[in-house]
file my_file-v4.csv (CSV, C-alpha atoms and all ligand atoms)
chain,number,residue,atom,x,y,z
A,901,ALA,CA,0.6,-30.9,22.5
A,902,GLU,CA,1.0,-27.1,21.8
A,903,ALA,CA,4.8,-27.3,22.1
A,904,GLU,CA,4.9,-30.1,19.4
A,905,LEU,CA,2.6,-28.1,17.1
A,906,GLN,CA,4.7,-25.0,17.6
A,907,ALA,CA,7.9,-26.9,16.8
A,908,ARG,CA,6.4,-28.3,13.7
A,909,PHE,CA,5.2,-24.9,12.6
A,910,ASP,CA,8.7,-23.4,13.2
A,911,ALA,CA,10.2,-26.2,11.1
A,912,ARG,CA,7.8,-25.5,8.3
A,913,ILE,CA,8.6,-21.8,8.4
A,914,ASP,CA,12.4,-22.6,8.4
A,915,ALA,CA,11.8,-24.9,5.4
A,916,ASP,CA,10.1,-22.0,3.6
A,917,GLU,CA,6.9,-23.9,3.3
A,918,LYS,CA,3.6,-22.0,2.7
A,919,ILE,CA,1.2,-21.9,5.6
A,920,GLU,CA,-2.4,-22.4,4.4
A,921,PRO,CA,-5.7,-21.3,6.1
A,922,ARG,CA,-6.6,-24.7,7.6
A,923,ASP,CA,-3.0,-25.3,8.9
A,924,TRP,CA,-2.2,-24.9,12.6
A,925,MET,CA,-0.6,-21.5,13.3
A,926,PRO,CA,0.4,-19.6,16.5
A,927,GLU,CA,-2.2,-17.0,17.5
A,928,GLY,CA,0.4,-14.3,17.2
A,929,TYR,CA,1.1,-15.3,13.6
A,930,ARG,CA,-2.7,-15.1,12.7
A,931,LYS,CA,-3.1,-11.8,14.5
A,932,THR,CA,-0.1,-10.2,12.8
A,933,LEU,CA,-1.4,-11.3,9.4
A,934,VAL,CA,-4.9,-10.0,10.0
A,935,ARG,CA,-3.4,-6.7,11.1
A,936,GLN,CA,-1.1,-6.4,8.1
A,937,ILE,CA,-3.4,-7.7,5.4
A,938,SER,CA,-6.4,-5.8,6.5
A,939,GLN,CA,-4.4,-2.5,6.8
A,940,HIS,CA,-2.9,-3.3,3.4
A,941,ALA,CA,-6.5,-3.6,2.0
A,942,HIS,CA,-7.5,-0.4,3.7
A,943,SER,CA,-4.5,1.3,2.1
A,944,GLU,CA,-5.7,0.2,-1.4
A,945,ILE,CA,-9.3,1.4,-0.8
A,946,VAL,CA,-8.3,4.7,0.7
A,947,GLY,CA,-5.6,5.0,-1.9
A,948,MET,CA,-8.3,5.3,-4.6
A,949,LEU,CA,-9.4,8.7,-3.1
A,950,PRO,CA,-6.4,11.1,-3.8
A,951,GLU,CA,-6.1,10.2,-7.5
A,952,GLY,CA,-9.8,9.4,-8.0
A,953,ASN,CA,-10.3,13.2,-7.3
A,954,TRP,CA,-8.6,13.8,-10.7
A,955,ILE,CA,-10.6,11.4,-12.9
A,956,SER,CA,-13.1,14.1,-13.9
A,957,ARG,CA,-10.2,16.7,-14.3
A,958,ALA,CA,-7.8,14.6,-16.4
A,959,PRO,CA,-6.2,16.7,-19.3
A,960,SER,CA,-7.2,14.2,-22.0
A,961,LEU,CA,-9.5,11.2,-22.7
A,962,LYS,CA,-6.4,9.0,-22.8
A,963,ARG,CA,-5.2,10.2,-19.3
A,964,LYS,CA,-8.8,9.8,-18.0
A,965,ALA,CA,-9.1,6.2,-19.3
A,966,ILE,CA,-5.7,5.3,-17.8
A,967,LEU,CA,-6.5,6.8,-14.4
A,968,ILE,CA,-9.9,5.1,-14.3
A,969,ALA,CA,-8.2,1.8,-15.0
A,970,LYS,CA,-5.6,2.4,-12.2
A,971,VAL,CA,-8.2,3.4,-9.6
A,972,GLN,CA,-10.3,0.4,-10.5
A,973,ASP,CA,-7.2,-1.8,-10.0
A,974,GLU,CA,-6.6,-0.3,-6.5
A,975,GLY,CA,-10.2,-1.2,-5.6
A,976,GLY,CA,-9.7,-4.7,-6.9
A,977,HIS,CA,-6.5,-5.1,-4.9
A,978,GLY,CA,-8.4,-4.0,-1.8
A,979,LEU,CA,-11.2,-6.5,-2.2
A,980,TYR,CA,-8.6,-9.2,-3.0
A,981,LEU,CA,-6.7,-8.5,0.2
A,982,TYR,CA,-9.9,-8.3,2.3
A,983,SER,CA,-10.7,-11.8,1.0
A,984,ALA,CA,-7.1,-13.0,1.9
A,985,ALA,CA,-7.6,-11.6,5.4
A,986,GLU,CA,-11.0,-13.4,5.7
A,987,THR,CA,-9.2,-16.8,5.3
A,988,LEU,CA,-7.8,-16.0,8.8
A,989,GLY,CA,-11.2,-15.9,10.4
A,990,THR,CA,-11.9,-12.2,10.5
A,991,SER,CA,-14.9,-10.7,8.7
A,992,ARG,CA,-15.4,-7.9,6.3
A,993,GLU,CA,-17.6,-6.1,8.8
A,994,GLN,CA,-15.0,-6.3,11.5
A,995,MET,CA,-12.2,-5.0,9.3
A,996,LEU,CA,-14.3,-2.2,7.9
A,997,ASP,CA,-15.5,-1.2,11.4
A,998,ALA,CA,-11.9,-1.0,12.5
A,999,LEU,CA,-11.2,1.3,9.6
A,1000,HIS,CA,-14.3,3.5,9.9
A,1001,SER,CA,-13.8,3.8,13.7
A,1002,GLY,CA,-10.2,5.1,13.2
A,1003,ARG,CA,-8.8,2.0,15.1
A,1004,ALA,CA,-7.2,0.5,12.0
A,1005,LYS,CA,-4.3,2.1,10.0
A,1006,TYR,CA,-3.8,2.6,6.3
A,1007,SER,CA,-0.7,3.8,4.5
A,1008,SER,CA,0.1,7.3,5.7
A,1009,ILE,CA,0.9,8.5,2.2
A,1010,PHE,CA,-2.8,8.8,1.4
A,1011,ASN,CA,-3.4,11.5,3.9
A,1012,TYR,CA,-1.8,14.2,1.7
A,1013,PRO,CA,-3.7,16.3,-0.8
A,1014,THR,CA,-3.3,16.0,-4.6
A,1015,LEU,CA,-3.0,19.7,-5.6
A,1016,ASN,CA,-2.7,19.4,-9.4
A,1017,TRP,CA,-2.3,17.0,-12.3
A,1018,ALA,CA,1.5,16.6,-11.7
A,1019,ASP,CA,0.6,14.9,-8.4
A,1020,VAL,CA,-1.1,12.1,-10.3
A,1021,GLY,CA,2.0,11.4,-12.2
A,1022,VAL,CA,4.2,11.6,-9.1
A,1023,ILE,CA,1.9,9.3,-7.2
A,1024,GLY,CA,2.2,6.7,-10.0
A,1025,TRP,CA,6.0,7.1,-10.2
A,1026,LEU,CA,6.9,7.4,-6.6
A,1027,VAL,CA,4.0,6.1,-4.5
A,1028,ASP,CA,3.3,3.1,-6.7
A,1029,GLY,CA,7.1,2.7,-7.1
A,1030,ALA,CA,7.4,2.4,-3.4
A,1031,ALA,CA,4.4,0.1,-3.1
A,1032,ILE,CA,6.0,-2.2,-5.7
A,1033,MET,CA,9.3,-2.3,-3.7
A,1034,ASN,CA,7.3,-3.2,-0.6
A,1035,GLN,CA,5.0,-5.7,-2.3
A,1036,ILE,CA,7.5,-7.8,-4.3
A,1037,PRO,CA,9.0,-9.4,-1.2
A,1038,LEU,CA,5.5,-10.1,0.0
A,1039,CYS,CA,5.1,-12.4,-2.9
A,1040,ARG,CA,7.4,-14.7,-0.9
A,1041,CYS,CA,5.4,-14.3,2.3
A,1042,SER,CA,5.0,-17.5,4.3
A,1043,TYR,CA,1.2,-17.2,4.4
A,1044,GLY,CA,-0.1,-18.7,1.1
A,1045,PRO,CA,-3.2,-16.6,0.4
A,1046,TYR,CA,-1.3,-13.3,1.0
A,1047,ALA,CA,1.7,-14.4,-1.2
A,1048,ARG,CA,-0.6,-15.5,-4.0
A,1049,ALA,CA,-2.6,-12.2,-3.8
A,1050,MET,CA,0.6,-10.2,-4.0
A,1051,ILE,CA,1.7,-12.0,-7.2
A,1052,ARG,CA,-1.5,-10.9,-8.9
A,1053,VAL,CA,-1.2,-7.3,-7.5
A,1054,CYS,CA,2.4,-6.8,-8.5
A,1055,LYS,CA,1.6,-7.5,-12.1
A,1056,GLU,CA,-0.8,-4.6,-12.2
A,1057,GLU,CA,1.3,-2.2,-10.1
A,1058,SER,CA,4.1,-2.1,-12.7
A,1059,PHE,CA,1.5,-0.5,-15.2
A,1060,HIS,CA,0.6,2.0,-12.4
A,1061,GLN,CA,4.2,3.1,-12.0
A,1062,ARG,CA,5.0,3.3,-15.8
A,1063,GLN,CA,1.9,5.3,-16.6
A,1064,GLY,CA,2.8,7.9,-13.9
A,1065,TYR,CA,6.4,8.2,-15.1
A,1066,GLU,CA,5.4,8.5,-18.7
A,1067,ALA,CA,2.9,11.3,-17.9
A,1068,LEU,CA,5.7,13.2,-16.1
A,1069,LEU,CA,8.1,12.7,-19.1
A,1070,VAL,CA,5.4,14.4,-21.3
A,1071,MET,CA,5.0,17.3,-18.8
A,1072,MET,CA,8.8,17.7,-18.6
A,1073,GLN,CA,8.9,18.2,-22.4
A,1074,GLY,CA,6.2,20.9,-22.0
A,1075,THR,CA,6.2,24.5,-20.9
A,1076,PRO,CA,8.3,25.9,-18.1
A,1077,GLU,CA,5.1,26.1,-15.9
A,1078,GLN,CA,4.5,22.4,-16.5
A,1079,ARG,CA,8.1,21.6,-15.6
A,1080,ALA,CA,7.8,23.7,-12.5
A,1081,MET,CA,4.6,21.8,-11.5
A,1082,VAL,CA,6.4,18.5,-11.7
A,1083,GLN,CA,9.3,19.7,-9.6
A,1084,ASP,CA,6.9,21.1,-7.0
A,1085,ALA,CA,5.0,17.8,-6.8
A,1086,VAL,CA,8.3,15.9,-6.4
A,1087,ASN,CA,9.3,18.3,-3.6
A,1088,ARG,CA,6.0,17.6,-1.8
A,1089,TRP,CA,5.9,13.8,-2.2
A,1090,TRP,CA,9.5,12.6,-2.0
A,1091,TRP,CA,10.1,12.5,1.7
A,1092,LYS,CA,6.6,11.2,2.4
A,1093,CYS,CA,7.3,8.3,0.0
A,1094,LEU,CA,10.5,7.4,1.9
A,1095,ALA,CA,8.4,7.3,5.1
A,1096,MET,CA,5.9,4.9,3.5
A,1097,PHE,CA,8.3,2.0,4.1
A,1098,GLY,CA,7.7,2.3,7.9
A,1099,PRO,CA,9.8,3.5,10.8
A,1100,PRO,CA,13.6,2.9,11.0
A,1101,ASP,CA,14.3,-0.8,11.8
A,1102,ALA,CA,15.5,0.2,15.3
A,1103,ASP,CA,12.1,1.8,16.0
A,1104,SER,CA,10.0,-1.0,14.4
A,1105,PRO,CA,8.2,-3.1,17.0
A,1106,HIS,CA,6.9,-5.7,14.5
A,1107,SER,CA,9.9,-6.2,12.2
A,1108,ALA,CA,11.9,-8.8,14.1
A,1109,GLN,CA,9.0,-11.1,14.7
A,1110,GLY,CA,7.7,-10.5,11.1
A,1111,MET,CA,11.0,-11.6,9.7
A,1112,ARG,CA,11.2,-14.6,12.0
A,1113,TRP,CA,7.8,-15.7,10.6
A,1114,GLY,CA,8.7,-15.1,7.0
A,1115,ILE,CA,6.1,-12.4,6.7
A,1116,LYS,CA,8.6,-9.5,6.3
A,1117,ARG,CA,11.4,-10.6,4.0
A,1118,ILE,CA,13.3,-7.3,3.8
A,1119,SER,CA,13.6,-4.7,6.5
A,1120,ASN,CA,12.0,-1.2,6.3
A,1121,ASP,CA,15.4,0.5,6.0
A,1122,ASP,CA,16.7,-1.9,3.4
A,1123,LEU,CA,13.6,-1.5,1.2
A,1124,ARG,CA,13.8,2.3,1.6
A,1125,GLN,CA,17.4,2.2,0.5
A,1126,LYS,CA,16.6,-0.1,-2.5
A,1127,PHE,CA,13.8,2.4,-3.5
A,1128,ILE,CA,16.2,5.4,-3.3
A,1129,ASP,CA,19.0,3.6,-5.2
A,1130,ALA,CA,16.5,2.7,-8.0
A,1131,THR,CA,14.7,6.1,-8.1
A,1132,VAL,CA,17.7,8.6,-8.2
A,1133,PRO,CA,18.6,7.6,-11.8
A,1134,GLN,CA,14.9,7.8,-12.9
A,1135,ALA,CA,14.8,11.4,-11.5
A,1136,GLU,CA,17.9,12.2,-13.5
A,1137,VAL,CA,16.3,10.9,-16.7
A,1138,LEU,CA,13.2,12.9,-15.9
A,1139,GLY,CA,15.2,16.1,-15.3
A,1140,VAL,CA,13.9,16.8,-11.7
A,1141,THR,CA,15.9,17.4,-8.6
A,1142,LEU,CA,15.1,15.2,-5.5
A,1143,PRO,CA,14.6,17.6,-2.5
A,1144,ASP,CA,17.5,16.2,-0.4
A,1145,PRO,CA,20.8,18.1,-0.3
A,1146,ASP,CA,22.4,15.1,1.5
A,1147,LEU,CA,21.5,12.7,-1.3
A,1148,LYS,CA,24.9,11.5,-2.6
A,1149,TRP,CA,26.3,8.3,-4.0
A,1150,ASN,CA,28.6,6.6,-1.4
A,1151,PRO,CA,31.0,4.3,-3.3
A,1152,GLU,CA,32.1,2.5,0.0
A,1153,ARG,CA,28.5,1.6,0.7
A,1154,GLY,CA,27.4,1.1,-2.9
A,1155,HIS,CA,24.3,3.0,-2.0
A,1156,TYR,CA,23.0,6.6,-1.9
A,1157,ASP,CA,23.4,8.4,1.4
A,1158,TYR,CA,20.4,10.5,2.2
A,1159,GLY,CA,19.1,13.0,4.7
A,1160,ALA,CA,17.0,12.7,7.8
A,1161,ILE,CA,13.3,11.9,7.5
A,1162,ASP,CA,10.9,13.8,9.7
A,1163,TRP,CA,9.5,11.0,11.8
A,1164,ASP,CA,7.5,13.3,14.1
A,1165,GLU,CA,5.5,14.4,11.1
A,1166,PHE,CA,5.1,10.7,10.0
A,1167,TRP,CA,3.7,9.6,13.4
A,1168,ALA,CA,1.5,12.6,13.6
A,1169,THR,CA,0.0,11.6,10.3
A,1170,VAL,CA,-0.2,7.9,11.1
A,1171,ASN,CA,-2.0,8.8,14.4
A,1172,GLY,CA,-4.7,10.7,12.5
A,1173,ASN,CA,-3.4,14.3,12.4
A,1174,GLY,CA,-2.2,14.6,8.8
A,1175,PRO,CA,-3.7,17.1,6.3
A,1176,CYS,CA,-6.4,14.8,4.9
A,1177,ASN,CA,-7.0,12.0,7.5
A,1178,LYS,CA,-10.4,13.3,8.6
A,1179,GLU,CA,-11.6,13.9,5.0
A,1180,ARG,CA,-10.4,10.5,3.8
A,1181,LEU,CA,-12.2,8.7,6.7
A,1182,ALA,CA,-15.3,10.7,6.3
A,1183,THR,CA,-15.4,9.9,2.6
A,1184,ARG,CA,-15.1,6.2,3.3
A,1185,VAL,CA,-17.8,6.2,6.0
A,1186,ALA,CA,-20.1,8.1,3.7
A,1187,ALA,CA,-19.5,5.7,0.8
A,1188,TRP,CA,-20.2,2.8,3.3
A,1189,GLU,CA,-23.5,4.3,4.5
A,1190,GLU,CA,-24.7,5.3,1.1
A,1191,GLY,CA,-23.9,1.9,-0.3
A,1192,ARG,CA,-25.9,0.1,2.5
A,1193,TRP,CA,-29.1,-0.2,0.4
A,1194,VAL,CA,-27.1,-1.9,-2.4
A,1195,ARG,CA,-25.6,-4.5,-0.1
A,1196,GLU,CA,-29.1,-5.1,1.5
A,1197,ALA,CA,-30.7,-5.5,-2.0
A,1198,ALA,CA,-28.0,-7.9,-3.2
A,1199,LEU,CA,-28.3,-10.0,0.0
A,1200,ALA,CA,-32.2,-10.0,-0.3
A,1201,HIS,CA,-31.9,-11.1,-3.9
A,1202,ALA,CA,-29.3,-13.8,-3.1
A,1203,GLU,CA,-31.6,-15.1,-0.3
A,1204,LYS,CA,-34.6,-15.2,-2.7
A,1205,GLN,CA,-32.4,-17.2,-5.2
A,1206,ARG,CA,-31.5,-19.5,-2.4
A,1207,GLN,CA,-35.1,-20.1,-1.4
A,1208,ARG,CA,-36.0,-20.8,-5.0
A,1209,THR,CA,-33.3,-23.5,-5.2
A,1210,LEU,CA,-34.7,-25.1,-2.0
A,1211,LYS,CA,-38.2,-25.6,-3.5
A,1301,LIG,N1,1.5,4.1,7.2
A,1301,LIG,C1,0.8,3.9,8.2
A,1301,LIG,N2,1.2,3.1,9.3
A,1301,LIG,C2,2.4,2.6,9.2
A,1301,LIG,C3,3.3,2.8,8.1
A,1301,LIG,C4,2.8,3.6,7.0
A,1301,LIG,N3,3.5,3.9,5.9
A,1301,LIG,N4,4.4,2.1,8.3
A,1301,LIG,C5,4.3,1.5,9.5
A,1301,LIG,N5,3.1,1.8,10.0
A,1301,LIG,C6,2.6,1.3,11.3
A,1301,LIG,C7,2.5,-0.2,11.3
A,1301,LIG,O1,1.2,-0.6,10.8
A,1301,LIG,C8,2.6,-0.5,12.8
A,1301,LIG,O2,1.3,-0.1,13.4
A,1301,LIG,P1,0.3,-1.2,13.9
A,1301,LIG,O3,1.0,-2.1,14.9
A,1301,LIG,O4,-0.9,-0.4,14.5
A,1301,LIG,O5,-0.2,-1.9,12.7
A,1301,LIG,C9,3.6,0.6,13.3
A,1301,LIG,O6,3.6,1.6,12.3
A,1301,LIG,C10,5.0,0.0,13.4
A,1301,LIG,O7,5.5,-0.3,12.2
A,1301,LIG,P2,6.3,-1.7,11.9
A,1301,LIG,O8,7.3,-1.4,10.8
A,1301,LIG,O9,6.8,-2.2,13.2
A,1301,LIG,O10,5.1,-2.5,11.3
A,1301,LIG,P3,5.2,-3.7,10.2
A,1301,LIG,O11,6.2,-4.7,10.5
A,1301,LIG,O12,3.8,-4.1,10.0
A,1301,LIG,O13,5.7,-2.9,8.9
A,1301,LIG,C11,4.6,-2.2,6.8
A,1301,LIG,C12,4.9,-1.9,8.3
A,1301,LIG,C13,6.0,-2.1,6.1
A,1301,LIG,C14,3.7,-1.1,6.2
A,1301,LIG,C15,4.1,-3.6,6.7
A,1301,LIG,O14,2.9,-3.6,7.5
A,1301,LIG,C16,3.7,-4.0,5.3
A,1301,LIG,O15,4.5,-4.4,4.5
A,1301,LIG,N6,2.3,-3.9,5.0
A,1301,LIG,C17,1.8,-4.4,3.8
A,1301,LIG,C18,2.1,-3.5,2.6
A,1301,LIG,C19,1.4,-2.2,2.7
A,1301,LIG,O16,0.5,-2.0,3.5
A,1301,LIG,N7,1.8,-1.3,1.8
A,1301,LIG,C20,1.1,-0.1,1.6
A,1301,LIG,C21,1.5,0.4,0.3
A,1301,LIG,S1,0.3,1.5,-0.3
A,1301,LIG,C22,-0.5,0.5,-1.4
A,1301,LIG,O17,-0.3,-0.7,-1.5
A,1301,LIG,C23,-1.4,1.1,-2.4
A,1301,LIG,C24,-0.6,1.4,-3.7
A,1301,LIG,O18,-0.9,0.4,-4.6
A,1301,LIG,C25,-0.9,2.7,-4.2
call {"tool": "encode", "arguments": {"input": "my_file-v4.csv", "output": "structure tokens"}}
result
Amino acid sequence: AEAELQARFDARIDADEKIEPRDWMPEGYRKTLVRQISQHAHSEIVGMLPEGNWISRAPSLKRKAILIAKVQDEGGHGLYLYSAAETLGTSREQMLDALHSGRAKYSSIFNYPTLNWADVGVIGWLVDGAAIMNQIPLCRCSYGPYARAMIRVCKEESFHQRQGYEALLVMMQGTPEQRAMVQDAVNRWWWKCLAMFGPPDADSPHSAQGMRWGIKRISNDDLRQKFIDATVPQAEVLGVTLPDPDLKWNPERGHYDYGAIDWDEFWATVNGNGPCNKERLATRVAAWEEGRWVREAALAHAEKQRQRTLK
């Protein structure tokens, strides 16, 4: 009966086995994965917009080619993750309707404007750096299709972070104005990137269950701390100052202490009132509407092909 199935499922999770699409799973496990994977996919697709804005404004052909490759990768990650979510019984239309209607979330970080070219480098260095921190543990997620998708995604993310950091290194060897642009971008993005990891563990409604199910392997606060510890030395090499007067190595803890994150601002943005939420959603809805004829043509063509094979 149900109790027996639940017990067997729990034993499989405890044995670190991978749960596959056709396996029995508790409804809550399925719902959590649909929520997380679809919102992860939305994050990738909406994440194309802030930096996509700079493809036509890149300072050189080399930077333009790199940025096109990165934005294309994000799109691919999104489609990959929508497919992983579909193995749980949801459909592309349902997920996209949830995004376009404002019901579904996507990573808060994409609701801030990219004001100049330094932002593109800082997004690669810090946003993709944070995304890598968050996605590596997901390669060990108990749900097979998600874990496998993450392994592929993480391979491409390391290129995203390195290209951003390298672009900043070049700017920091440039004019005082260029150095000031980098510092200004770091000042605007640093705290928002720390918030990307999600609310403090004590305020995270999903973390405990997510960890019990082997979906979340490392807590929001622990990943945030890992990111800070790894990034401070990189900022020193780059020659920028991280905008936190409380940031200080704590030998007892073996970690950096850091200041308070503005969670009111985070929740305001998550709940739709950030600087670019309306613009990002309007852009996605417009792309969906304008692309309707392409989808219909492709489906009509596929149907004709199918009819032909039936003759
Ligand atoms: N932005 C928006 N919403 C967020 C958020 C953020 N940064 N952090 C947390 N939230 C939301 C959660 O989705 C949840 O809301 P919901 O119930 O409506 O879904 C609520 O805040 C409570 O947070 P919890 O910590 O309790 O929720 P989770 O246990 O799901 O943890 C998470 C949040 C860490 C984002 C987790 O869902 C996760 O690991 N998701 C997959 C990874 C992901 O989405 N990463 C985004 C990185 S951006 C990216 O990948 C693009 C990059 O390549 C540029």
call {"tool": "residues_near_point", "arguments": {"input": "my_file-v4.csv", "point": "(5.7, -2.9, -5.7)", "cutoff": "9 Å", "atoms": "only C-alpha atoms", "output": "mmCIF file with C-alpha atoms, in the coordinates of the input"}}
result
data_model
loop_
_atom_site.group_PDB
_atom_site.id
_atom_site.type_symbol
_atom_site.label_atom_id
_atom_site.label_comp_id
_atom_site.auth_asym_id
_atom_site.auth_seq_id
_atom_site.Cartn_x
_atom_site.Cartn_y
_atom_site.Cartn_z
ATOM 1 C CA ASP A 1028 3.300 3.100 -6.700
ATOM 2 C CA GLY A 1029 7.100 2.700 -7.100
ATOM 3 C CA ALA A 1030 7.400 2.400 -3.400
ATOM 4 C CA ALA A 1031 4.400 0.100 -3.100
ATOM 5 C CA ILE A 1032 6.000 -2.200 -5.700
ATOM 6 C CA MET A 1033 9.300 -2.300 -3.700
ATOM 7 C CA ASN A 1034 7.300 -3.200 -0.600
ATOM 8 C CA GLN A 1035 5.000 -5.700 -2.300
ATOM 9 C CA ILE A 1036 7.500 -7.800 -4.300
ATOM 10 C CA PRO A 1037 9.000 -9.400 -1.200
ATOM 11 C CA VAL A 1053 -1.200 -7.300 -7.500
ATOM 12 C CA CYS A 1054 2.400 -6.800 -8.500
ATOM 13 C CA LYS A 1055 1.600 -7.500 -12.100
ATOM 14 C CA GLU A 1057 1.300 -2.200 -10.100
ATOM 15 C CA SER A 1058 4.100 -2.100 -12.700
ATOM 16 C CA GLN A 1061 4.200 3.100 -12.000
#
call {"tool": "residues_around", "arguments": {"input": "my_file-v4.csv", "residues": "segment 1107-1110 of chain A", "least_positions_apart": "6", "cutoff": "9 Å", "atoms": "only C-alpha atoms", "output": "list of chain:residue names"}}
result
A:Tyr929, A:Thr932, A:Asp1101, A:Lys1116, A:Arg1117, A:Ser1119, A:Asn1120
call {"tool": "closest_atom_pairs", "arguments": {"input": "my_file-v4.csv", "of": "chain A", "to": "ligand LIG 1301 (chain A)", "cutoff": "8 Å", "atoms": "all atoms listed in the file", "output": "JSON lines"}}
result
{"residue": "A:Thr932", "atom": "CA", "partner": "A:LIG1301", "partner_atom": "O12", "distance": 7.8}
{"residue": "A:Arg935", "atom": "CA", "partner": "A:LIG1301", "partner_atom": "O5", "distance": 6.0}
{"residue": "A:Gln936", "atom": "CA", "partner": "A:LIG1301", "partner_atom": "O14", "distance": 4.9}
{"residue": "A:Ile937", "atom": "CA", "partner": "A:LIG1301", "partner_atom": "C17", "distance": 6.4}
{"residue": "A:Gln939", "atom": "CA", "partner": "A:LIG1301", "partner_atom": "O16", "distance": 5.9}
{"residue": "A:His940", "atom": "CA", "partner": "A:LIG1301", "partner_atom": "O16", "distance": 3.6}
{"residue": "A:Ala941", "atom": "CA", "partner": "A:LIG1301", "partner_atom": "O16", "distance": 7.3}
{"residue": "A:Ser943", "atom": "CA", "partner": "A:LIG1301", "partner_atom": "S1", "distance": 5.4}
{"residue": "A:Glu944", "atom": "CA", "partner": "A:LIG1301", "partner_atom": "C23", "distance": 4.5}
{"residue": "A:Gly947", "atom": "CA", "partner": "A:LIG1301", "partner_atom": "C25", "distance": 5.7}
{"residue": "A:Met948", "atom": "CA", "partner": "A:LIG1301", "partner_atom": "C25", "distance": 7.9}
{"residue": "A:Glu974", "atom": "CA", "partner": "A:LIG1301", "partner_atom": "O18", "distance": 6.0}
{"residue": "A:His977", "atom": "CA", "partner": "A:LIG1301", "partner_atom": "O18", "distance": 7.9}
{"residue": "A:Ala1004", "atom": "CA", "partner": "A:LIG1301", "partner_atom": "O4", "distance": 6.8}
{"residue": "A:Lys1005", "atom": "CA", "partner": "A:LIG1301", "partner_atom": "N2", "distance": 5.6}
{"residue": "A:Tyr1006", "atom": "CA", "partner": "A:LIG1301", "partner_atom": "C1", "distance": 5.1}
{"residue": "A:Ser1007", "atom": "CA", "partner": "A:LIG1301", "partner_atom": "N1", "distance": 3.5}
{"residue": "A:Ser1008", "atom": "CA", "partner": "A:LIG1301", "partner_atom": "N1", "distance": 3.8}
{"residue": "A:Ile1009", "atom": "CA", "partner": "A:LIG1301", "partner_atom": "N3", "distance": 6.5}
{"residue": "A:Ile1023", "atom": "CA", "partner": "A:LIG1301", "partner_atom": "C25", "distance": 7.8}
{"residue": "A:Gly1024", "atom": "CA", "partner": "A:LIG1301", "partner_atom": "C25", "distance": 7.7}
{"residue": "A:Val1027", "atom": "CA", "partner": "A:LIG1301", "partner_atom": "C25", "distance": 6.0}
{"residue": "A:Asp1028", "atom": "CA", "partner": "A:LIG1301", "partner_atom": "C25", "distance": 4.9}
{"residue": "A:Ala1030", "atom": "CA", "partner": "A:LIG1301", "partner_atom": "C21", "distance": 7.2}
{"residue": "A:Ala1031", "atom": "CA", "partner": "A:LIG1301", "partner_atom": "C21", "distance": 4.5}
{"residue": "A:Ile1032", "atom": "CA", "partner": "A:LIG1301", "partner_atom": "O18", "distance": 7.5}
{"residue": "A:Asn1034", "atom": "CA", "partner": "A:LIG1301", "partner_atom": "O15", "distance": 5.9}
{"residue": "A:Gln1035", "atom": "CA", "partner": "A:LIG1301", "partner_atom": "C18", "distance": 6.1}
{"residue": "A:Leu1038", "atom": "CA", "partner": "A:LIG1301", "partner_atom": "O15", "distance": 7.3}
{"residue": "A:Glu1057", "atom": "CA", "partner": "A:LIG1301", "partner_atom": "O18", "distance": 6.5}
{"residue": "A:Ala1095", "atom": "CA", "partner": "A:LIG1301", "partner_atom": "N3", "distance": 6.0}
{"residue": "A:Met1096", "atom": "CA", "partner": "A:LIG1301", "partner_atom": "N3", "distance": 3.5}
{"residue": "A:Phe1097", "atom": "CA", "partner": "A:LIG1301", "partner_atom": "C13", "distance": 5.1}
{"residue": "A:Gly1098", "atom": "CA", "partner": "A:LIG1301", "partner_atom": "N4", "distance": 3.3}
{"residue": "A:Pro1099", "atom": "CA", "partner": "A:LIG1301", "partner_atom": "O8", "distance": 5.5}
{"residue": "A:Pro1100", "atom": "CA", "partner": "A:LIG1301", "partner_atom": "O8", "distance": 7.6}
{"residue": "A:Asp1101", "atom": "CA", "partner": "A:LIG1301", "partner_atom": "O8", "distance": 7.1}
{"residue": "A:Asp1103", "atom": "CA", "partner": "A:LIG1301", "partner_atom": "O9", "distance": 7.2}
{"residue": "A:Ser1104", "atom": "CA", "partner": "A:LIG1301", "partner_atom": "O9", "distance": 3.6}
{"residue": "A:Pro1105", "atom": "CA", "partner": "A:LIG1301", "partner_atom": "O9", "distance": 4.1}
{"residue": "A:His1106", "atom": "CA", "partner": "A:LIG1301", "partner_atom": "O9", "distance": 3.7}
{"residue": "A:Ser1107", "atom": "CA", "partner": "A:LIG1301", "partner_atom": "O11", "distance": 4.3}
{"residue": "A:Ala1108", "atom": "CA", "partner": "A:LIG1301", "partner_atom": "O11", "distance": 7.9}
{"residue": "A:Gly1110", "atom": "CA", "partner": "A:LIG1301", "partner_atom": "O11", "distance": 6.0}
{"residue": "A:Lys1116", "atom": "CA", "partner": "A:LIG1301", "partner_atom": "O15", "distance": 6.8}
{"residue": "A:Asn1120", "atom": "CA", "partner": "A:LIG1301", "partner_atom": "C13", "distance": 6.1}
{"residue": "A:Val1170", "atom": "CA", "partner": "A:LIG1301", "partner_atom": "C1", "distance": 5.0}
call {"tool": "closest_atom_pairs", "arguments": {"input": "my_file-v4.csv", "of": "segment 1084-1120 of chain A", "to": "segment 904-927 of chain A", "cutoff": "12 Å", "atoms": "all atoms listed in the file", "output": "Markdown table"}}
result
| residue | atom | partner | partner_atom | distance |
| --- | --- | --- | --- | --- |
| A:Gly1110 | CA | A:Ile913 | CA | 11.7 |
| A:Met1111 | CA | A:Ile913 | CA | 10.6 |
| A:Arg1112 | CA | A:Ile913 | CA | 8.5 |
| A:Trp1113 | CA | A:Ile913 | CA | 6.5 |
| A:Gly1114 | CA | A:Ile913 | CA | 6.8 |
| A:Ile1115 | CA | A:Ile913 | CA | 9.9 |
| A:Arg1117 | CA | A:Asp916 | CA | 11.5 |
